[in-house]
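Notes follow the structure.
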Amino acid sequence: MDDAEETPVTVVPDRTLRVKIIDACGLACTFCHNEGTPVATDNLGRRAGEFTGTPGRSGRVSIYLRTNSVGFLPRRIEPDTDYALALAAVRGSLPTKEVHFTGGEPTLHPDLPGLIRIARRLGLTVALTSNGENGAAVLPECAAAGLDRINLSVFGTTPEELAAVQAPRLASSKQAERKLAALGATIEAASKHGVKVSANIVVPDRSHVERVLRVIEEHGRTVVVRMLVSLEDDGASLAAMREVVDHLGAVPVQRIITAGASDQRTRYRLPDGRDLYAKSIRPVRLPSTCADCRFNNDQDCHEGYYGVRLYRAQEGPFVIGVCIQRMDLCVPLGNFVMSRLCHEVRAFREDETTRLTTLHRVAATSA
């Protein structure tokens, strides 16, 4: 988004590891990338090259599955010694301060507090992204285990809006109504137990502006609202976010750039003093790994280099990935820690931090 150049800039070095802890989910959003992996329940018994790119019984599918050459099915990560050693191995090879749990739906994990406790014992901050469907049931214990924050994916304020972005099997207004009630209960539980909470809403184009404004009105007084650019944006998503900002009379007060990853966001101040964030994607590439990629152009590379992801393969090892559109780049964790790819990621983080802090004449922050 074209905000004034004088908006203060904060540079934050990338120190986050995204961990796909579970594949199950109670929604079937039509724009879900499922962290680049096939939906496990619909592909059991299939091998690489046989994974289905159309919705199966679950109604779910990754939008990148047809082209990302994924070679494994995801397995639920258990809070055991293997998991602790995997986190320690990543932290030992790359500076890491936070683990961010994803899925699937993390709150459906049967021992989410156990995963949090292990990460906290290793000195890591823990966050997760959730649709809120089970948060009220698990957040009290998660908060006690040390959960720092939860990013809630919000698709609308009415059952019709939520149902509209679901696969046909789950496009039920009654079911959507139950999911919205669960979301509200999750927000209440997070606030009660001291877990920081934000509401994330993807803004594909101008037709979604009214929906976004309703989300800001309904939830923006209790949680921080963050607008997210659509990964398949052709300019329409950014234009729609600009329309929301202009409509609300919001003023940019801070630009936050993640050095070493494609994430960037602008913090706006609304006339009533509330904050609103707009998150977009910088055109960031790993210097060597991305150089000859078939998606390395302005149209096909949707996420850029977003950071490091950790998976557990069915009947296999922990796996490190660096791109949900190029899952063929995934490598076993044991190979990654001593690899050229690991060195490239580490050096890229450092180089970007130096370059961006010099460019914007600011000091990097560890926040």
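Naming scheme: A, B, ... for chains in displayed order of the structure tokens; residues 1 onward per chain; ligands 1 onward as shown.
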
Open item on the list: For the strand (DSSP E or B) assignment from backbone DSSP, which residues of segment 183-335 of chain A qualify? Please present them as a VMD selection string.
Closed with: chain A and resid 196 to 203 224 to 229 251 to 259 263 to 269 275 to 281 308 to 313 318 to 321 331 to 332

Please indicate the distance in Å from atom CA of Pro140 of chain A to atom CA of Lys192 of chain A, rounded to one decimal place.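 Those two atoms sit 8.6 Å apart.
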
Between A:Glu217, A:Val253, A:Asp275, A:Ile281, which is the closest to Val229 of chain A once you count only C-alpha atoms?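 Distance minimum relative to Val229 of chain A lands on A:Ile281.
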
#### Entry: All residues 10 Å or closer to Glu6 of chain A, only C-alpha atoms, same chain fewer than 6 positions away omitted, as a PyMOL selection string
chain A and resi 252-255

Residue selection dump (N, CA and C atoms) as a short mmCIF file (atom, residue, chain, number, x, y, z; two decimals), in the first residue's frame:
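What follows is the written file out-v1.cif:
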data_model
loop_
_atom_site.label_atom_id
_atom_site.label_comp_id
_atom_site.auth_asym_id
_atom_site.auth_seq_id
_atom_site.Cartn_x
_atom_site.Cartn_y
_atom_site.Cartn_z
N PRO A 252 -1.53 6.23 8.72
CA PRO A 252 -0.40 5.34 8.99
C PRO A 252 0.52 5.90 10.07
N VAL A 253 0.87 5.07 11.05
CA VAL A 253 1.74 5.54 12.13
C VAL A 253 3.02 4.71 12.25
N GLN A 254 3.06 3.53 11.63
CA GLN A 254 4.25 2.69 11.72
C GLN A 254 4.24 1.66 10.60
N ARG A 255 5.40 1.46 9.99
CA ARG A 255 5.58 0.40 9.01
C ARG A 255 6.54 -0.62 9.61
#

Within 8 Å of Thr157 of chain A using only C-alpha atoms, minus same-chain residues under 6 positions, as a list of chain:residue names:
A:Leu180, A:Arg211, A:Arg214, A:Val215, A:Glu218

(message) Env of segment 50-66 of chain A: 7 Å cut, atoms = only C-alpha atoms, seq-sep filter 3 positions within chain, self excluded. Answer as a PyMOL selection string.
(response) chain A and resi 28+31-34+36-39+42-43+46-47+167+169+325

Expected file: the selected residues, N, CA and C atoms, as an mmCIF file, in the first residue's frame:
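Result file part29.cif:
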data_model
loop_
_atom_site.group_PDB
_atom_site.id
_atom_site.type_symbol
_atom_site.label_atom_id
_atom_site.label_comp_id
_atom_site.auth_asym_id
_atom_site.auth_seq_id
_atom_site.Cartn_x
_atom_site.Cartn_y
_atom_site.Cartn_z
ATOM 1 N N ALA A 28 -13.632 -25.735 5.739
ATOM 2 C CA ALA A 28 -13.127 -26.122 4.417
ATOM 3 C C ALA A 28 -13.080 -24.874 3.545
ATOM 4 N N PHE A 31 -9.951 -20.935 -0.041
ATOM 5 C CA PHE A 31 -8.658 -20.316 -0.331
ATOM 6 C C PHE A 31 -7.541 -20.877 0.548
ATOM 7 N N CYS A 32 -7.759 -22.000 1.218
ATOM 8 C CA CYS A 32 -6.785 -22.544 2.161
ATOM 9 C C CYS A 32 -5.578 -23.127 1.443
ATOM 10 N N HIS A 33 -4.365 -22.805 1.929
ATOM 11 C CA HIS A 33 -3.166 -23.424 1.362
ATOM 12 C C HIS A 33 -2.680 -24.601 2.212
ATOM 13 N N ASN A 34 -3.269 -24.804 3.388
ATOM 14 C CA ASN A 34 -2.965 -25.966 4.241
ATOM 15 C C ASN A 34 -1.467 -26.155 4.442
ATOM 16 N N GLY A 36 0.751 -25.976 2.400
ATOM 17 C CA GLY A 36 1.351 -26.629 1.244
ATOM 18 C C GLY A 36 1.173 -28.128 1.183
ATOM 19 N N THR A 37 0.579 -28.732 2.206
ATOM 20 C CA THR A 37 0.483 -30.192 2.262
ATOM 21 C C THR A 37 -0.888 -30.695 1.809
ATOM 22 N N PRO A 38 -0.961 -31.971 1.389
ATOM 23 C CA PRO A 38 -2.264 -32.565 1.075
ATOM 24 C C PRO A 38 -3.097 -32.705 2.346
ATOM 25 N N VAL A 39 -4.406 -32.823 2.192
ATOM 26 C CA VAL A 39 -5.273 -33.117 3.329
ATOM 27 C C VAL A 39 -5.101 -34.597 3.658
ATOM 28 N N ASP A 42 -7.911 -37.385 3.348
ATOM 29 C CA ASP A 42 -8.392 -37.685 1.999
ATOM 30 C C ASP A 42 -7.343 -38.381 1.145
ATOM 31 N N ASN A 43 -6.149 -38.561 1.688
ATOM 32 C CA ASN A 43 -5.061 -39.104 0.875
ATOM 33 C C ASN A 43 -4.331 -40.273 1.519
ATOM 34 N N ARG A 46 -2.166 -43.042 -0.329
ATOM 35 C CA ARG A 46 -1.631 -42.520 -1.592
ATOM 36 C C ARG A 46 -0.179 -42.099 -1.413
ATOM 37 N N ARG A 47 0.568 -42.111 -2.502
ATOM 38 C CA ARG A 47 1.957 -41.685 -2.485
ATOM 39 C C ARG A 47 2.109 -40.409 -3.303
ATOM 40 N N ALA A 167 -16.289 -24.906 1.167
ATOM 41 C CA ALA A 167 -16.605 -25.898 0.150
ATOM 42 C C ALA A 167 -18.063 -26.335 0.313
ATOM 43 N N ARG A 169 -19.729 -28.975 0.871
ATOM 44 C CA ARG A 169 -20.128 -29.873 1.953
ATOM 45 C C ARG A 169 -20.323 -29.139 3.273
ATOM 46 N N GLN A 325 4.644 -23.157 -2.285
ATOM 47 C CA GLN A 325 4.428 -23.388 -3.711
ATOM 48 C C GLN A 325 5.481 -24.312 -4.309
#

- [ ] Name the closest residue to Ala190 of chain A among the candidates A:Asp234, A:Asp205, A:Glu160, A:Asp148; distances are taken between atoms, counting only C-alpha atoms.
- [x]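 Comparing A:Asp234, A:Asp205, A:Glu160, A:Asp148 against Ala190 of chain A, the winner is A:Asp148.
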
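The shortest atom-to-atom distance to Ala48 of chain A, with only C-alpha atoms taken into account, belongs to A:Val70 out of A:Leu85, A:Val284, A:Val70, A:Tyr311.
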
Query raised in the report: Any idea what's packed within 10 Å of Ser173 of chain A, counting only C-alpha atoms, ignoring anything in its chain fewer than 2 positions away? Could you give it as a PyMOL selection string?
Result: chain A and resi 158-164+170-171+175-179

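Comparing the minimum interatomic distances between Pro13 of chain A and each of A:Gly123, A:Gly156, A:Gly132, A:Pro95, counting only C-alpha atoms, we find that A:Pro95 sits nearest.
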
Between A:Val251, A:Pro74, A:Pro113, A:Leu228, smallest distance to Arg265 of chain A by only C-alpha atoms belongs to A:Leu228

For Ser69 of chain A, which residue out of A:Val362, A:Ile324, A:Arg120, A:Val138 is the nearest one, using only C-alpha atoms?
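Residue with the minimum atom-to-atom distance to Ser69 of chain A: A:Ile324.
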
*asked:* Please return, as a list in words, all residues of segment 189-327 of chain A that DSSP assigns to alpha helix (DSSP H) on the basis of the backbone.
replied: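 So the alpha helix (DSSP H) residues in segment 189-327 of chain A would be Ala189, Ala190, Ser191, Lys192, Val209, Glu210, Arg211, Val212, Leu213, Arg214, Val215, Ile216, Glu217, Glu218, His219, Ala236, Ser237, Leu238, Ala239, Ala240, Met241, Arg242, Glu243, Val244, Val245, Asp246, His247 and Leu248 of chain A.
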
Residues from last step as file, C-alpha atoms, as a PDB file, in the first residue's frame:
ATOM      1  CA  ALA A 189     -11.573 -16.943  26.680  1.00  0.00           C
ATOM      2  CA  ALA A 190      -8.365 -15.418  25.292  1.00  0.00           C
ATOM      3  CA  SER A 191      -9.129 -12.050  26.861  1.00  0.00           C
ATOM      4  CA  LYS A 192     -10.078 -13.616  30.194  1.00  0.00           C
ATOM      5  CA  VAL A 209     -14.899  -4.155   1.685  1.00  0.00           C
ATOM      6  CA  GLU A 210     -18.284  -4.070   3.425  1.00  0.00           C
ATOM      7  CA  ARG A 211     -17.547  -7.411   5.073  1.00  0.00           C
ATOM      8  CA  VAL A 212     -14.224  -6.098   6.366  1.00  0.00           C
ATOM      9  CA  LEU A 213     -15.830  -2.941   7.725  1.00  0.00           C
ATOM     10  CA  ARG A 214     -18.366  -5.057   9.627  1.00  0.00           C
ATOM     11  CA  VAL A 215     -15.583  -7.195  11.120  1.00  0.00           C
ATOM     12  CA  ILE A 216     -13.750  -4.060  12.258  1.00  0.00           C
ATOM     13  CA  GLU A 217     -16.934  -2.678  13.786  1.00  0.00           C
ATOM     14  CA  GLU A 218     -17.898  -5.921  15.552  1.00  0.00           C
ATOM     15  CA  HIS A 219     -14.499  -7.162  16.728  1.00  0.00           C
ATOM     16  CA  ALA A 236      -7.259  -5.925  -6.386  1.00  0.00           C
ATOM     17  CA  SER A 237      -6.559  -7.006  -2.807  1.00  0.00           C
ATOM     18  CA  LEU A 238      -4.258  -4.081  -2.023  1.00  0.00           C
ATOM     19  CA  ALA A 239      -6.718  -1.670  -3.650  1.00  0.00           C
ATOM     20  CA  ALA A 240      -9.523  -3.037  -1.462  1.00  0.00           C
ATOM     21  CA  MET A 241      -7.462  -2.605   1.710  1.00  0.00           C
ATOM     22  CA  ARG A 242      -6.711   0.961   0.659  1.00  0.00           C
ATOM     23  CA  GLU A 243     -10.448   1.569   0.261  1.00  0.00           C
ATOM     24  CA  VAL A 244     -11.068   0.328   3.808  1.00  0.00           C
ATOM     25  CA  VAL A 245      -8.330   2.583   5.198  1.00  0.00           C
ATOM     26  CA  ASP A 246      -9.621   5.619   3.307  1.00  0.00           C
ATOM     27  CA  HIS A 247     -13.232   4.951   4.308  1.00  0.00           C
ATOM     28  CA  LEU A 248     -12.263   4.824   7.988  1.00  0.00           C
TER      29      LEU A 248
END
